[in-house]
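Pasting start11.cif here (mmCIF, C-alpha atoms):
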data_run
#
loop_
_atom_site.label_atom_id
_atom_site.label_comp_id
_atom_site.auth_asym_id
_atom_site.auth_seq_id
_atom_site.Cartn_x
_atom_site.Cartn_y
_atom_site.Cartn_z
CA MET A 1 0.00 0.00 0.00
CA ALA A 2 1.40 3.37 -0.99
CA VAL A 3 1.17 5.86 1.84
CA ARG A 4 1.49 9.62 2.01
CA VAL A 5 5.07 10.55 2.79
CA GLY A 6 5.31 12.91 5.74
CA HIS A 7 6.31 13.13 9.37
CA PHE A 8 6.88 9.61 10.80
CA VAL A 9 5.96 8.04 7.43
CA SER A 10 8.08 6.18 4.92
CA GLU A 11 6.86 4.72 1.66
CA ASN A 12 7.17 1.01 2.50
CA ASP A 13 6.31 1.01 6.20
CA THR A 14 3.71 -1.20 7.74
CA VAL A 15 1.07 1.32 8.79
CA ARG A 16 1.31 1.96 12.51
CA VAL A 17 -2.00 2.72 14.23
CA MET A 18 -2.06 4.01 17.79
CA ARG A 19 -5.47 3.45 19.36
CA ILE A 20 -6.35 5.38 22.52
CA ILE A 21 -9.32 4.84 24.84
CA ALA A 22 -9.95 6.45 28.22
CA ARG A 23 -10.76 3.17 29.94
CA MET A 24 -11.62 -0.39 29.00
CA ASN A 25 -14.80 -0.73 31.00
CA VAL A 26 -17.25 -3.34 29.71
CA GLY A 27 -19.16 -1.82 26.81
CA GLY A 28 -19.18 -1.16 23.10
CA PRO A 29 -16.06 1.07 22.86
CA ALA A 30 -13.92 -1.47 24.73
CA TRP A 31 -15.19 -4.32 22.57
CA GLN A 32 -14.44 -2.44 19.35
CA SER A 33 -11.00 -1.39 20.58
CA SER A 34 -10.23 -5.02 21.35
CA VAL A 35 -11.49 -6.27 17.98
CA LEU A 36 -9.59 -3.62 16.02
CA THR A 37 -6.38 -4.12 17.99
CA ARG A 38 -6.42 -7.81 17.15
CA GLY A 39 -8.25 -7.83 13.84
CA LEU A 40 -6.44 -5.51 11.43
CA ASP A 41 -4.39 -7.29 8.74
CA ALA A 42 -1.00 -7.85 10.39
CA ASP A 43 0.76 -7.71 7.02
CA ARG A 44 -0.41 -4.11 6.52
CA PHE A 45 -1.00 -2.73 10.01
CA GLU A 46 0.65 -2.68 13.41
CA THR A 47 -1.53 -1.52 16.30
CA ARG A 48 -0.76 -0.30 19.79
CA LEU A 49 -3.59 0.23 22.31
CA LEU A 50 -3.24 2.87 25.03
CA ILE A 51 -5.72 2.74 27.90
CA GLY A 52 -6.58 4.46 31.16
CA ALA A 53 -7.74 2.82 34.37
CA THR A 54 -11.29 1.73 35.16
CA THR A 55 -12.92 2.83 38.40
CA ASP A 56 -14.03 0.63 41.28
CA ASP A 57 -17.69 0.66 40.18
CA GLU A 58 -16.89 -0.52 36.63
CA ALA A 59 -16.12 -3.95 35.22
CA ASP A 60 -12.72 -4.12 33.52
CA PHE A 61 -13.20 -5.53 30.01
CA VAL A 62 -9.61 -6.72 29.76
CA ALA A 63 -9.69 -8.60 33.07
CA LEU A 64 -13.19 -9.99 32.53
CA ARG A 65 -13.26 -10.84 28.82
CA ASP A 66 -9.87 -10.43 27.13
CA PRO A 67 -7.00 -10.87 29.63
CA SER A 68 -4.38 -11.49 26.94
CA LEU A 69 -5.11 -8.26 25.04
CA PRO A 70 -1.85 -6.28 24.70
CA VAL A 71 -2.32 -2.82 26.21
CA VAL A 72 -0.17 0.11 27.33
CA PRO A 73 -1.51 1.77 30.51
CA ILE A 74 -1.34 5.57 30.57
CA ARG A 75 -1.35 7.21 33.98
CA GLY A 76 -4.04 9.89 34.31
CA LEU A 77 -6.02 8.66 31.30
CA GLY A 78 -9.16 7.53 33.10
CA ARG A 79 -12.77 8.42 33.63
CA SER A 80 -12.67 11.65 35.62
CA PRO A 81 -11.15 14.87 34.31
CA GLY A 82 -8.58 16.70 36.43
CA LEU A 83 -5.91 19.17 35.36
CA LEU A 84 -2.89 17.32 36.78
CA ASP A 85 -4.06 13.89 35.61
CA ASP A 86 -4.97 15.24 32.18
CA LEU A 87 -1.55 16.87 31.73
CA ARG A 88 0.15 13.69 32.94
CA ALA A 89 -1.88 11.69 30.41
CA ILE A 90 -1.02 14.04 27.52
CA PHE A 91 2.70 13.79 28.30
CA GLY A 92 2.39 10.01 28.64
CA ILE A 93 0.68 9.74 25.25
CA CYS A 94 3.32 11.99 23.68
CA ARG A 95 6.05 9.69 25.04
CA GLU A 96 4.35 6.67 23.51
CA ILE A 97 3.96 8.49 20.20
CA GLN A 98 7.70 9.17 20.17
CA ARG A 99 8.40 5.48 20.82
CA PHE A 100 5.85 4.01 18.40
CA ARG A 101 5.94 6.71 15.69
CA PRO A 102 2.37 6.11 14.47
CA HIS A 103 1.08 7.11 11.07
CA ILE A 104 -2.43 7.24 12.55
CA VAL A 105 -3.70 8.11 16.02
CA HIS A 106 -7.26 6.87 16.45
CA THR A 107 -9.09 7.90 19.62
CA HIS A 108 -12.21 6.43 21.22
CA THR A 109 -14.47 7.90 23.94
CA ALA A 110 -14.74 11.56 24.89
CA LYS A 111 -11.82 12.11 27.25
CA ALA A 112 -9.36 10.08 25.17
CA GLY A 113 -10.62 11.96 22.13
CA VAL A 114 -9.64 15.27 23.69
CA LEU A 115 -6.32 14.31 25.27
CA GLY A 116 -5.27 11.92 22.52
CA ARG A 117 -5.90 14.41 19.73
CA ILE A 118 -4.11 17.19 21.60
CA ALA A 119 -1.09 14.90 21.99
CA ALA A 120 -1.28 13.83 18.33
CA ILE A 121 -1.47 17.43 17.13
CA ALA A 122 1.44 18.44 19.37
CA SER A 123 3.46 15.45 18.12
CA ARG A 124 2.61 16.19 14.47
CA VAL A 125 1.05 12.80 13.78
CA PRO A 126 -0.13 13.09 10.16
CA ILE A 127 -3.50 11.31 10.43
CA ARG A 128 -5.89 11.82 13.35
CA VAL A 129 -9.15 9.89 13.61
CA HIS A 130 -11.79 9.99 16.33
CA THR A 131 -14.77 7.69 16.83
CA PHE A 132 -17.94 9.02 18.41
CA HIS A 133 -19.49 5.92 19.99
CA GLY A 134 -22.24 8.29 21.06
CA HIS A 135 -21.84 11.71 22.59
CA VAL A 136 -21.97 13.42 25.97
CA LEU A 137 -23.64 16.54 24.60
CA ARG A 138 -27.02 15.81 26.11
CA GLY A 139 -28.05 14.34 29.45
CA TYR A 140 -24.65 13.90 31.08
CA PHE A 141 -23.49 17.26 32.45
CA SER A 142 -24.71 20.68 33.52
CA PRO A 143 -25.58 23.20 30.77
CA LEU A 144 -22.34 25.10 31.36
CA VAL A 145 -20.12 22.03 31.16
CA THR A 146 -22.03 20.80 28.12
CA ARG A 147 -21.44 24.12 26.34
CA LEU A 148 -17.72 23.93 27.12
CA ILE A 149 -17.55 20.37 25.78
CA ARG A 150 -19.23 21.48 22.56
CA ILE A 151 -16.69 24.27 22.10
CA VAL A 152 -13.77 21.88 22.65
CA GLU A 153 -15.22 19.28 20.27
CA ARG A 154 -15.81 21.91 17.58
CA LEU A 155 -12.22 23.10 17.83
CA LEU A 156 -10.75 19.59 17.80
CA ALA A 157 -12.92 18.54 14.86
CA ARG A 158 -11.13 21.15 12.71
CA SER A 159 -7.83 19.34 13.26
CA THR A 160 -9.17 15.80 12.92
CA THR A 161 -8.61 14.05 9.61
CA ALA A 162 -11.71 11.86 9.87
CA LEU A 163 -14.62 11.58 12.29
CA ILE A 164 -16.29 8.21 12.67
CA SER A 165 -19.85 7.96 13.91
CA VAL A 166 -21.34 4.62 14.94
CA GLY A 167 -24.69 5.56 13.40
CA LYS A 168 -26.38 8.01 11.08
CA GLN A 169 -28.47 9.57 13.85
CA VAL A 170 -25.40 10.08 16.03
CA GLN A 171 -23.71 11.81 13.10
CA ASP A 172 -26.75 14.04 12.51
CA ASP A 173 -26.81 14.99 16.21
CA LEU A 174 -23.14 15.97 16.13
CA LEU A 175 -23.54 18.03 12.97
CA ALA A 176 -26.54 19.78 14.52
CA TYR A 177 -24.27 20.79 17.42
CA GLY A 178 -21.79 22.26 14.93
CA ILE A 179 -19.13 19.56 15.39
CA GLY A 180 -17.23 18.87 12.20
CA ARG A 181 -18.19 19.10 8.54
CA PRO A 182 -20.35 16.50 6.76
CA GLU A 183 -17.48 15.51 4.46
CA ALA A 184 -15.29 14.66 7.46
CA TYR A 185 -17.69 11.99 8.74
CA VAL A 186 -17.82 8.28 8.03
CA VAL A 187 -20.54 6.08 9.52
CA VAL A 188 -19.09 2.78 10.77
CA PRO A 189 -21.55 0.76 12.86
CA PRO A 190 -20.22 -1.57 15.56
CA GLY A 191 -19.56 -5.18 14.77
CA VAL A 192 -19.78 -8.28 16.97
CA GLY A 193 -18.89 -11.90 16.51
CA PRO A 194 -21.41 -14.70 16.07
CA SER A 195 -23.16 -15.68 19.25
CA GLU A 196 -22.06 -18.90 20.89
CA GLU A 197 -24.92 -21.36 20.84
CA VAL A 198 -26.20 -22.07 24.34
CA GLU A 199 -29.33 -24.03 25.16
CA ARG A 200 -31.91 -21.89 26.89
CA SER A 201 -32.38 -24.34 29.73
CA ASP A 202 -28.61 -24.48 30.30
CA ALA A 203 -28.34 -20.68 30.22
CA ARG A 204 -31.14 -20.25 32.74
CA ARG A 205 -29.63 -22.86 35.02
CA MET A 206 -26.27 -21.06 34.88
CA LEU A 207 -27.93 -17.75 35.74
CA GLU A 208 -30.27 -19.28 38.33
CA LEU A 209 -33.38 -18.16 36.45
CA PRO A 210 -36.61 -20.20 36.32
CA ASP A 211 -36.99 -22.29 33.18
CA CYS A 212 -40.56 -21.61 32.06
CA VAL A 213 -41.25 -17.92 32.64
CA PRO A 214 -40.82 -14.87 30.37
CA VAL A 215 -37.51 -13.07 30.95
CA ALA A 216 -36.51 -9.53 29.95
CA MET A 217 -32.76 -8.91 30.08
CA PHE A 218 -30.96 -5.61 30.67
CA VAL A 219 -27.21 -5.65 30.01
CA GLY A 220 -25.14 -2.59 30.83
CA ARG A 221 -23.77 -0.13 33.35
CA LEU A 222 -26.09 0.93 36.13
CA THR A 223 -25.62 4.64 35.73
CA ALA A 224 -27.98 7.59 35.47
CA ILE A 225 -28.08 7.93 31.68
CA LYS A 226 -29.25 4.30 31.32
CA ARG A 227 -32.46 5.09 33.27
CA VAL A 228 -32.85 1.71 34.93
CA ASP A 229 -35.25 3.49 37.29
CA ARG A 230 -37.54 3.97 34.27
CA LEU A 231 -37.14 0.28 33.45
CA LEU A 232 -38.18 -0.74 36.96
CA GLU A 233 -41.23 1.51 36.71
CA ALA A 234 -42.11 -0.06 33.36
CA PHE A 235 -41.64 -3.59 34.66
CA ALA A 236 -44.03 -2.95 37.53
CA LEU A 237 -46.64 -2.25 34.83
CA VAL A 238 -45.65 -5.40 32.94
CA LEU A 239 -46.26 -7.50 36.05
CA GLU A 240 -49.87 -6.36 36.14
CA ARG A 241 -50.43 -8.26 32.88
CA VAL A 242 -47.68 -10.91 33.07
CA PRO A 243 -47.21 -11.56 36.81
CA GLU A 244 -44.79 -14.47 36.31
CA ALA A 245 -42.32 -12.39 34.26
CA ILE A 246 -38.76 -11.72 35.42
CA LEU A 247 -36.46 -8.78 34.76
CA ALA A 248 -32.79 -9.82 34.87
CA ILE A 249 -30.25 -7.02 35.23
CA ALA A 250 -26.72 -7.95 34.16
CA GLY A 251 -24.30 -5.22 35.13
CA GLU A 252 -23.13 -3.04 37.96
CA GLY A 253 -22.40 0.64 38.52
CA ASP A 254 -22.68 3.57 40.86
CA LEU A 255 -26.48 3.22 41.13
CA LEU A 256 -26.51 -0.49 42.03
CA ASP A 257 -27.31 -0.14 45.72
CA GLY A 258 -30.06 2.41 45.11
CA LEU A 259 -31.64 0.30 42.38
CA ARG A 260 -31.65 -2.76 44.61
CA ILE A 261 -33.66 -0.76 47.16
CA GLU A 262 -35.96 0.61 44.45
CA ALA A 263 -36.59 -2.93 43.15
CA GLU A 264 -37.49 -4.39 46.55
CA PRO A 265 -41.29 -3.96 46.10
CA LEU A 266 -41.05 -6.16 42.98
CA GLY A 267 -39.53 -9.01 44.98
CA GLU A 268 -38.16 -12.01 43.09
CA SER A 269 -39.43 -10.58 39.80
CA VAL A 270 -36.21 -8.58 39.53
CA ARG A 271 -32.85 -10.40 39.61
CA PHE A 272 -29.48 -8.63 39.75
CA LEU A 273 -26.90 -10.82 38.00
CA GLY A 274 -23.81 -8.59 38.25
CA TRP A 275 -21.24 -8.51 35.47
CA GLN A 276 -20.93 -11.73 33.51
CA ALA A 277 -17.72 -12.89 31.84
CA GLU A 278 -19.71 -14.64 29.09
CA VAL A 279 -22.55 -12.78 27.39
CA SER A 280 -23.96 -15.62 25.25
CA PRO A 281 -25.88 -17.20 28.17
CA LEU A 282 -27.51 -13.83 28.90
CA TYR A 283 -29.07 -13.60 25.47
CA ALA A 284 -29.87 -17.31 25.31
CA ALA A 285 -31.77 -17.02 28.58
CA ALA A 286 -33.79 -13.97 27.50
CA ASP A 287 -37.07 -13.67 25.64
CA LEU A 288 -36.22 -10.05 24.92
CA VAL A 289 -33.47 -7.55 25.66
CA VAL A 290 -34.46 -4.08 26.82
CA ILE A 291 -32.78 -0.65 26.84
CA SER A 292 -34.40 2.26 28.66
CA SER A 293 -31.75 4.98 28.17
CA ASP A 294 -32.05 8.72 27.71
CA ASN A 295 -28.98 8.78 25.46
CA GLU A 296 -27.10 6.12 23.49
CA GLY A 297 -24.77 5.78 20.55
CA MET A 298 -25.48 2.51 18.78
CA PRO A 299 -25.99 0.00 21.63
CA VAL A 300 -23.80 -3.07 21.23
CA THR A 301 -26.13 -4.87 23.64
CA LEU A 302 -28.89 -4.71 21.02
CA ILE A 303 -26.51 -5.98 18.34
CA GLU A 304 -25.30 -8.89 20.48
CA ALA A 305 -28.89 -9.79 21.31
CA ALA A 306 -29.90 -9.66 17.65
CA MET A 307 -26.95 -11.83 16.68
CA ALA A 308 -28.25 -14.39 19.19
CA GLY A 309 -31.76 -14.20 17.73
CA THR A 310 -33.25 -12.26 20.66
CA PRO A 311 -35.55 -9.32 19.83
CA GLY A 312 -34.91 -5.92 21.38
CA VAL A 313 -37.13 -3.33 23.02
CA THR A 314 -35.48 0.08 23.14
CA THR A 315 -36.16 3.73 23.68
CA ASP A 316 -35.77 5.80 20.53
CA VAL A 317 -32.42 7.35 21.39
CA GLY A 318 -29.22 7.80 19.40
CA SER A 319 -28.90 5.19 16.68
CA ALA A 320 -30.79 2.45 18.54
CA ALA A 321 -33.44 2.48 15.81
CA GLU A 322 -30.73 1.64 13.28
CA VAL A 323 -30.23 -1.68 15.08
CA VAL A 324 -33.82 -2.54 16.00
CA GLU A 325 -36.20 -2.27 13.07
CA ASP A 326 -39.48 -1.39 14.75
CA GLY A 327 -42.11 -4.07 14.32
CA VAL A 328 -39.69 -6.35 12.44
CA THR A 329 -36.79 -7.20 14.78
CA GLY A 330 -38.22 -5.69 17.97
CA ARG A 331 -39.83 -2.49 19.18
CA VAL A 332 -38.61 1.11 19.29
CA VAL A 333 -40.64 3.28 21.64
CA SER A 334 -40.68 6.71 23.22
CA ALA A 335 -38.59 7.26 26.34
CA ASP A 336 -41.28 6.66 28.94
CA ALA A 337 -42.21 3.79 31.23
CA ALA A 338 -45.69 3.19 29.83
CA ALA A 339 -44.40 2.76 26.27
CA LEU A 340 -41.68 0.36 27.40
CA ALA A 341 -44.20 -1.65 29.42
CA LYS A 342 -46.62 -1.90 26.51
CA ALA A 343 -43.91 -3.15 24.14
CA MET A 344 -42.52 -5.71 26.59
CA THR A 345 -45.99 -6.99 27.45
CA ALA A 346 -46.89 -7.37 23.78
CA LEU A 347 -43.81 -9.49 23.10
CA PHE A 348 -44.22 -11.55 26.24
CA THR A 349 -47.81 -12.43 25.32
CA ASP A 350 -47.25 -13.14 21.60
CA GLU A 351 -44.83 -16.02 21.26
CA ASP A 352 -45.15 -16.23 17.46
CA ALA A 353 -44.34 -12.55 16.97
CA ARG A 354 -41.43 -12.80 19.39
CA TYR A 355 -40.00 -15.81 17.57
CA GLN A 356 -40.34 -14.17 14.14
CA MET A 357 -38.74 -10.96 15.35
CA GLY A 358 -35.84 -12.93 16.82
CA GLU A 359 -35.27 -14.76 13.53
CA GLN A 360 -35.34 -11.51 11.57
CA ALA A 361 -33.02 -9.87 14.10
CA ALA A 362 -30.41 -12.60 13.59
CA VAL A 363 -30.58 -12.34 9.79
CA ARG A 364 -30.21 -8.56 9.91
CA ALA A 365 -27.40 -8.60 12.46
CA LYS A 366 -25.32 -11.09 10.49
CA LYS A 367 -25.76 -8.97 7.36
CA TYR A 368 -24.93 -5.56 8.82
CA PHE A 369 -23.12 -5.95 12.14
CA GLY A 370 -20.41 -8.59 11.78
CA VAL A 371 -16.81 -8.25 13.01
CA GLU A 372 -15.40 -8.79 9.52
CA ARG A 373 -17.34 -5.79 8.20
CA LEU A 374 -16.18 -3.62 11.14
CA VAL A 375 -12.51 -4.46 10.52
CA ALA A 376 -12.79 -4.08 6.74
CA ASP A 377 -14.46 -0.67 7.09
CA HIS A 378 -11.57 0.58 9.22
CA GLU A 379 -8.92 -0.85 6.92
CA ARG A 380 -10.55 0.85 3.92
CA LEU A 381 -10.76 4.16 5.80
CA TYR A 382 -7.11 4.05 6.88
CA GLU A 383 -5.96 3.20 3.38
CA ARG A 384 -8.02 6.04 1.91
CA LEU A 385 -6.62 8.54 4.38
CA LEU A 386 -3.03 7.45 3.75
CA THR A 387 -3.16 7.09 -0.03
CA PRO A 388 -1.83 10.13 -1.93
#

Can the structure from this file be put into structure tokens for me?
Amino acid sequence: MAVRVGHFVSENDTVRVMRIIARMNVGGPAWQSSVLTRGLDADRFETRLLIGATTDDEADFVALRDPSLPVVPIRGLGRSPGLLDDLRAIFGICREIQRFRPHIVHTHTAKAGVLGRIAAIASRVPIRVHTFHGHVLRGYFSPLVTRLIRIVERLLARSTTALISVGKQVQDDLLAYGIGRPEAYVVVPPGVGPSEEVERSDARRMLELPDCVPVAMFVGRLTAIKRVDRLLEAFALVLERVPEAILAIAGEGDLLDGLRIEAEPLGESVRFLGWQAEVSPLYAAADLVVISSDNEGMPVTLIEAAMAGTPGVTTDVGSAAEVVEDGVTGRVVSADAAALAKAMTALFTDEDARYQMGEQAAVRAKKYFGVERLVADHERLYERLLTP
């Protein structure tokens, strides 16, 4: 592959890609970073992954699901911003850039996107790419902080060679906030591997769930933006029509203790499963997977569920509707408890519709959301950016 000759670049080099993520907590960005670190063609690309530390209330993706993944820890590159830690992280990234001499720096997640791109600009890395797995421009911070983040993202977008959005709606949101130009964007949806086949009865036994009752599964961090409180409110309504149903919550987070207390009136109808090292049994055990968030990118949970043939019920946020085709592979509803309850109840009480939606979900997921497509999309993008 011919590459643009410039700083750190020679004509016949293997293309060196430095990938930077704030932290490898369990979720879509960590999964994609892992896949892309391992999956790019080794004859054409060499990848180095820089990561920050997870916090005590997060599950570490590397420890839980990919312990042999080669990573370079960067001190200060973590979840919470702080002037000293941020400066330490920028200097640490600059040191690694000097050692690795990347042709491309590709950042993931908001904080890594800011610090990593600043370091790449300062180090004169020729190609700078950032992936928006979603955005923190609504629902996360105070109005003042949100305005500051928008200003920073607008400025950084001007010095970013390419901006990747995980979905069309996420891209449209970012453009509406004035971040980047349309021609700078590329939509690259997440990709996941085929689901391991697990018998439903085996999965439910592993998770200690009853064998013959309807189960809704939530998989994700228990944090404010995910609105698990809304999900509990919706499930209370579901139980009025389907009293034997169970809501299984697979994940942990800063709201875990409060949600346990909030779920107490629902008794054994709500089960907290914690983080699970293997996700296939979660989807095999579920009749549907549900997301109740106020803000999302393109939820990998919905893609994993679809790959396993499990229909999704989701609020209409971010690019969730680009995964779940409403009425075909699941239901997309407004962000309120009553709408979620109605959709879950309808699927619980119509086995034929649920089965057909699950089949269609699997077909669609394999067509649009495979790992091979994710890797190939990135390889094509890198080659385009580097070709004179």

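Residues matched by the PyMOL selection byres ((chain A and resi 260) around 12) in this file are Leu222, Val228, Asp229, Leu232, Ile249, Glu252, Gly253, Asp254, Leu255, Leu256, Asp257, Gly258, Leu259, Ile261, Glu262, Ala263, Glu264, Pro265, Leu266, Gly267, Glu268, Val270, Arg271, Phe272, Leu273 and Gly274 of chain A.
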
Counting only C-alpha atoms, the residue among A:Pro194, A:Gly358, A:Gly370, A:Gly52 that lies closest to Arg75 (chain A) is A:Gly52

As a check of understanding, name the residues that the PyMOL selection byres ((chain A and resi 288-296) around 8) selects in the supplied structure, as a VMD selection string. chain A and resid 134 to 135 138 to 139 215 to 219 225 to 228 230 to 231 283 286 to 287 297 to 299 302 305 310 to 315 317 to 320 335 340 344 347

Could you list, as an NGL selection string, every residue within 8 Å of Ala234 (chain A), counting only C-alpha atoms and ignoring same-chain residues fewer than 6 positions away? :A and (337-341)

Please dump the current selection as a JSON list (two decimals), in the frame of the given file; keep C-alpha atoms.
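File written: out.json
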[["chain", "number", "residue", "atom", "x", "y", "z"],
["A", 337, "ALA", "CA", -42.21, 3.79, 31.23],
["A", 338, "ALA", "CA", -45.69, 3.19, 29.83],
["A", 339, "ALA", "CA", -44.40, 2.76, 26.27],
["A", 340, "LEU", "CA", -41.68, 0.36, 27.40],
["A", 341, "ALA", "CA", -44.20, -1.65, 29.42]]

List the spatial neighbours of Asp377 (chain A) as a PDB file with C-alpha atoms, in the coordinates of the input - criterion: any atom at most 9 Å away, all atoms listed in the file, same-chain residues fewer than 5 positions off excluded.
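See part.pdb below for the written result:
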ATOM      1  CA  VAL A 188     -19.090   2.780  10.770  1.00  0.00           C
ATOM      2  CA  GLU A 372     -15.400  -8.790   9.520  1.00  0.00           C
ATOM      3  CA  TYR A 382      -7.110   4.050   6.880  1.00  0.00           C
TER       4      TYR A 382
END

Give me the box for region 65-80 of chain A as AutoDock Vina command-line options, namely the centre and edge lengths in Å to one decimal of a box along x, y and z that holds every listed atom plus 8 Å on each side.
--center_x -6.7 --center_y 0.1 --center_z 30.2 --size_x 29.1 --size_y 39.1 --size_z 26.9

What does the structure give for the distance between CA of Glu325 (chain A) and CA of Phe235 (chain A), in Å to one decimal? 22.3 Å

Would you pick out the contacts of Arg19 (chain A) at 10 Å or less, using only C-alpha atoms, so that residues sharing its chain but fewer than 5 positions from it are not included, and give the list as an mmCIF file with C-alpha atoms, in the coordinates of the input?
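The resulting file, selection.cif, is reproduced below:
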data_model
loop_
_atom_site.group_PDB
_atom_site.id
_atom_site.type_symbol
_atom_site.label_atom_id
_atom_site.label_comp_id
_atom_site.auth_asym_id
_atom_site.auth_seq_id
_atom_site.Cartn_x
_atom_site.Cartn_y
_atom_site.Cartn_z
ATOM 1 C CA SER A 33 -11.000 -1.390 20.580
ATOM 2 C CA SER A 34 -10.230 -5.020 21.350
ATOM 3 C CA LEU A 36 -9.590 -3.620 16.020
ATOM 4 C CA THR A 37 -6.380 -4.120 17.990
ATOM 5 C CA THR A 47 -1.530 -1.520 16.300
ATOM 6 C CA ARG A 48 -0.760 -0.300 19.790
ATOM 7 C CA LEU A 49 -3.590 0.230 22.310
ATOM 8 C CA LEU A 50 -3.240 2.870 25.030
ATOM 9 C CA ILE A 51 -5.720 2.740 27.900
ATOM 10 C CA VAL A 71 -2.320 -2.820 26.210
ATOM 11 C CA PRO A 102 2.370 6.110 14.470
ATOM 12 C CA ILE A 104 -2.430 7.240 12.550
ATOM 13 C CA VAL A 105 -3.700 8.110 16.020
ATOM 14 C CA HIS A 106 -7.260 6.870 16.450
ATOM 15 C CA THR A 107 -9.090 7.900 19.620
ATOM 16 C CA HIS A 108 -12.210 6.430 21.220
ATOM 17 C CA ALA A 112 -9.360 10.080 25.170
ATOM 18 C CA GLY A 116 -5.270 11.920 22.520
ATOM 19 C CA VAL A 129 -9.150 9.890 13.610
ATOM 20 C CA HIS A 130 -11.790 9.990 16.330
#

Translate the PyMOL selection byres ((chain A and resi 275) around 6) into a concrete residue list for this structure, as a count of residues only. 4
